[in-house]
$ cat data-v7.cif   # mmCIF, N, CA and C atoms
data_coords
loop_
_atom_site.label_atom_id
_atom_site.label_comp_id
_atom_site.auth_asym_id
_atom_site.auth_seq_id
_atom_site.Cartn_x
_atom_site.Cartn_y
_atom_site.Cartn_z
N MET A 1324 87.79 104.40 103.89
CA MET A 1324 88.77 103.60 104.59
C MET A 1324 89.90 103.26 103.62
N ILE A 1325 91.11 103.47 104.04
CA ILE A 1325 92.29 103.22 103.22
C ILE A 1325 92.64 101.73 103.29
N ALA A 1326 93.10 101.19 102.19
CA ALA A 1326 93.56 99.81 102.15
C ALA A 1326 95.07 99.81 102.40
N ALA A 1327 95.50 99.22 103.50
CA ALA A 1327 96.92 99.08 103.80
C ALA A 1327 97.40 97.82 103.09
N THR A 1328 98.42 97.94 102.29
CA THR A 1328 98.84 96.82 101.45
C THR A 1328 99.88 95.94 102.15
N TYR A 1329 99.50 95.42 103.30
CA TYR A 1329 100.33 94.49 104.06
C TYR A 1329 99.53 93.19 104.16
N LYS A 1330 100.20 92.07 104.02
CA LYS A 1330 99.51 90.78 104.03
C LYS A 1330 98.80 90.51 105.35
N THR A 1331 99.43 90.92 106.47
CA THR A 1331 98.84 90.70 107.79
C THR A 1331 98.94 91.97 108.63
N LYS A 1332 98.11 92.03 109.67
CA LYS A 1332 98.17 93.15 110.60
C LYS A 1332 99.51 93.15 111.33
N LYS A 1333 100.06 91.99 111.57
CA LYS A 1333 101.37 91.87 112.23
C LYS A 1333 102.44 92.55 111.37
N MET A 1334 102.38 92.37 110.06
CA MET A 1334 103.35 93.01 109.17
C MET A 1334 103.20 94.53 109.22
N LEU A 1335 101.97 95.02 109.33
CA LEU A 1335 101.75 96.46 109.48
C LEU A 1335 102.37 96.95 110.78
N LYS A 1336 102.15 96.23 111.88
CA LYS A 1336 102.72 96.62 113.17
C LYS A 1336 104.24 96.64 113.14
N GLU A 1337 104.84 95.75 112.37
CA GLU A 1337 106.30 95.71 112.24
C GLU A 1337 106.84 96.89 111.44
N SER A 1338 105.96 97.64 110.80
CA SER A 1338 106.37 98.78 109.98
C SER A 1338 106.31 100.11 110.72
N VAL A 1339 106.12 100.08 112.04
CA VAL A 1339 106.13 101.31 112.82
C VAL A 1339 107.47 102.01 112.58
N GLY A 1340 107.40 103.31 112.33
CA GLY A 1340 108.60 104.09 112.05
C GLY A 1340 108.86 104.27 110.56
N LYS A 1341 108.09 103.58 109.73
CA LYS A 1341 108.25 103.66 108.28
C LYS A 1341 107.03 104.33 107.65
N GLU A 1342 107.12 104.62 106.37
CA GLU A 1342 105.99 105.17 105.64
C GLU A 1342 104.94 104.08 105.41
N LEU A 1343 103.69 104.48 105.36
CA LEU A 1343 102.58 103.55 105.16
C LEU A 1343 102.45 103.20 103.68
N ARG A 1344 102.36 101.91 103.40
CA ARG A 1344 102.04 101.46 102.04
C ARG A 1344 100.52 101.32 101.98
N TYR A 1345 99.89 102.04 101.08
CA TYR A 1345 98.43 102.06 101.06
C TYR A 1345 97.87 102.30 99.67
N GLN A 1346 96.57 102.08 99.57
CA GLN A 1346 95.81 102.34 98.36
C GLN A 1346 94.55 103.09 98.78
N GLU A 1347 94.32 104.24 98.19
CA GLU A 1347 93.10 105.01 98.48
C GLU A 1347 91.89 104.25 97.94
N THR A 1348 90.78 104.29 98.66
CA THR A 1348 89.57 103.59 98.22
C THR A 1348 88.37 104.52 98.06
N SER A 1349 88.48 105.75 98.52
CA SER A 1349 87.35 106.67 98.47
C SER A 1349 87.27 107.42 97.15
N MET A 1350 86.07 107.54 96.62
CA MET A 1350 85.89 108.33 95.41
C MET A 1350 85.61 109.79 95.76
N PHE A 1351 85.60 110.11 97.05
CA PHE A 1351 85.31 111.47 97.51
C PHE A 1351 86.56 112.25 97.88
N GLY A 1352 87.73 111.73 97.59
CA GLY A 1352 88.97 112.44 97.90
C GLY A 1352 89.87 111.63 98.82
N SER A 1353 91.03 112.17 99.04
CA SER A 1353 92.06 111.50 99.83
C SER A 1353 91.64 111.33 101.29
N GLU A 1354 91.89 110.14 101.82
CA GLU A 1354 91.63 109.86 103.23
C GLU A 1354 92.93 109.80 104.03
N TYR A 1355 94.05 109.73 103.34
CA TYR A 1355 95.35 109.65 103.99
C TYR A 1355 95.67 110.96 104.70
N LYS A 1356 96.22 110.86 105.91
CA LYS A 1356 96.66 112.03 106.67
C LYS A 1356 98.10 111.81 107.09
N SER A 1357 98.97 112.78 106.80
CA SER A 1357 100.37 112.63 107.19
C SER A 1357 100.54 112.76 108.70
N ASN A 1358 99.57 113.38 109.38
CA ASN A 1358 99.54 113.50 110.83
C ASN A 1358 98.11 113.23 111.30
N GLY A 1359 97.95 112.26 112.18
CA GLY A 1359 96.62 111.96 112.71
C GLY A 1359 96.32 110.48 112.71
N ARG A 1360 95.04 110.14 112.97
CA ARG A 1360 94.59 108.75 113.06
C ARG A 1360 93.53 108.48 112.01
N PHE A 1361 93.53 107.27 111.47
CA PHE A 1361 92.50 106.87 110.52
C PHE A 1361 92.44 105.35 110.44
N PRO A 1362 91.28 104.81 110.04
CA PRO A 1362 91.12 103.35 109.93
C PRO A 1362 91.70 102.84 108.62
N VAL A 1363 92.21 101.62 108.67
CA VAL A 1363 92.71 100.94 107.47
C VAL A 1363 92.17 99.52 107.45
N VAL A 1364 92.19 98.94 106.27
CA VAL A 1364 91.76 97.56 106.07
C VAL A 1364 92.85 96.86 105.26
N GLY A 1365 92.98 95.57 105.44
CA GLY A 1365 94.00 94.87 104.67
C GLY A 1365 93.61 93.44 104.41
N PRO A 1366 94.26 92.79 103.53
CA PRO A 1366 95.44 93.23 102.79
C PRO A 1366 95.15 94.05 101.54
N GLY A 1367 93.88 94.26 101.24
CA GLY A 1367 93.54 95.06 100.06
C GLY A 1367 92.12 95.58 100.16
N PRO A 1368 91.73 96.44 99.26
CA PRO A 1368 90.40 97.04 99.34
C PRO A 1368 89.25 96.04 99.13
N TYR A 1369 89.51 94.95 98.44
CA TYR A 1369 88.45 93.97 98.16
C TYR A 1369 88.61 92.68 98.94
N ASP A 1370 89.78 92.47 99.52
CA ASP A 1370 90.08 91.27 100.30
C ASP A 1370 90.30 91.71 101.75
N ARG A 1371 89.22 91.95 102.46
CA ARG A 1371 89.29 92.52 103.81
C ARG A 1371 89.38 91.42 104.86
N LYS A 1372 90.60 91.15 105.31
CA LYS A 1372 90.81 90.10 106.31
C LYS A 1372 91.11 90.67 107.69
N TRP A 1373 91.56 91.91 107.76
CA TRP A 1373 91.85 92.53 109.05
C TRP A 1373 91.62 94.04 108.97
N TYR A 1374 91.44 94.64 110.16
CA TYR A 1374 91.20 96.08 110.28
C TYR A 1374 92.12 96.62 111.35
N ALA A 1375 92.47 97.91 111.26
CA ALA A 1375 93.32 98.54 112.25
C ALA A 1375 93.09 100.05 112.22
N THR A 1376 93.57 100.70 113.27
CA THR A 1376 93.62 102.16 113.30
C THR A 1376 95.08 102.54 113.33
N VAL A 1377 95.48 103.39 112.41
CA VAL A 1377 96.88 103.79 112.29
C VAL A 1377 97.03 105.24 112.75
N THR A 1378 98.06 105.50 113.54
CA THR A 1378 98.41 106.86 113.94
C THR A 1378 99.69 107.24 113.20
N MET A 1379 99.63 108.39 112.52
CA MET A 1379 100.76 108.86 111.71
C MET A 1379 101.31 110.16 112.27
N LYS A 1380 102.61 110.37 112.11
CA LYS A 1380 103.25 111.64 112.45
C LYS A 1380 104.35 111.88 111.43
N ASP A 1381 104.27 112.99 110.71
CA ASP A 1381 105.25 113.35 109.69
C ASP A 1381 105.45 112.23 108.67
N ASP A 1382 104.34 111.65 108.20
CA ASP A 1382 104.33 110.59 107.20
C ASP A 1382 104.96 109.27 107.65
N LYS A 1383 105.11 109.08 108.95
CA LYS A 1383 105.64 107.83 109.49
C LYS A 1383 104.59 107.21 110.40
N ILE A 1384 104.53 105.87 110.40
CA ILE A 1384 103.61 105.15 111.29
C ILE A 1384 104.15 105.25 112.71
N VAL A 1385 103.31 105.73 113.63
CA VAL A 1385 103.70 105.87 115.03
C VAL A 1385 103.09 104.75 115.87
N LYS A 1386 101.83 104.38 115.53
CA LYS A 1386 101.12 103.38 116.33
C LYS A 1386 100.11 102.65 115.46
N VAL A 1387 99.91 101.36 115.76
CA VAL A 1387 98.90 100.55 115.09
C VAL A 1387 98.05 99.90 116.17
N GLU A 1388 96.75 100.11 116.08
CA GLU A 1388 95.82 99.52 117.06
C GLU A 1388 94.87 98.61 116.35
#
$ encode --input "data-v7.cif" --output "structure tokens"
Amino acid sequence: MIAATYKTKKMLKESVGKELRYQETSMFGSEYKSNGRFPVVGPGPYDRKWYATVTMKDDKIVKVE
């Protein structure tokens, strides 16, 4: 699960159309996808206050659920 470096889920939703600010957390390789859906946690990998599913297209956030 990728850590999205936004203080709140609302701030992540306000970033639709922009590149995702994130930190990889897996020791098994990259989880980021420039096109597709994946789960994120925030505001950091160790301070998990919210969760979301992000849809990306061409390295831009298209949707946050």
$ resolve_selection --input "data-v7.cif" --expression "the PyMOL selection byres ((chain A and resi 1349-1352) around 8)" --output "list in words"
Met1324, Ile1325, Ala1326, Gln1346, Glu1347, Thr1348, Ser1353, Glu1354 and Tyr1355 of chain A
$ select_by_dssp --input "data-v7.cif" --residues "chain A" --states "strand (DSSP E)" --output "NGL selection string"
:A and (1325-1327 or 1345-1346 or 1359-1366 or 1371-1380 or 1383-1387)
$ residues_around --input "data-v7.cif" --residues "Thr1378 of chain A" --least-positions-apart "4" --cutoff "6.5 Å" --atoms "all atoms listed in the file" --output "ChimeraX atom specification"
/A:1358-1361,1383-1388
$ resolve_selection --input "data-v7.cif" --expression "the PyMOL selection byres ((chain A and resi 1329) around 6.5)" --output "number ranges by chain"
A: 1326-1328, 1330-1332, 1334-1335, 1344, 1365-1367
$ select_by_dssp --input "data-v7.cif" --residues "chain A" --states "alpha helix (DSSP H)" --output "list of chain:residue names"
A:Lys1332, A:Lys1333, A:Met1334, A:Leu1335, A:Lys1336
$ atom_distance --input "data-v7.cif" --atom1 "atom CA of Pro1368 of chain A" --atom2 "atom CA of Asp1381 of chain A"
24.4 Å
$ atom_distance --input "data-v7.cif" --atom1 "atom CA of Pro1362 of chain A" --atom2 "atom CA of Lys1336 of chain A"
13.8 Å
$ atom_distance --input "data-v7.cif" --atom1 "atom CA of Val1364 of chain A" --atom2 "atom CA of Lys1380 of chain A"
19.3 Å
$ closest_residue --input "data-v7.cif" --among "A:Asp1370, A:Tyr1345, A:Val1363, A:Gly1340" --to "Asp1382 of chain A" --atoms "only N, CA and C atoms"
A:Gly1340
$ axis_aligned_box --input "data-v7.cif" --around "segment 1364-1376 of chain A" --padding-each-side "3 Å" --output "lines of an AutoDock Vina configuration file"
center_x = 91.9
center_y = 96.3
center_z = 105.7
size_x = 13.0
size_y = 18.4
size_z = 21.2
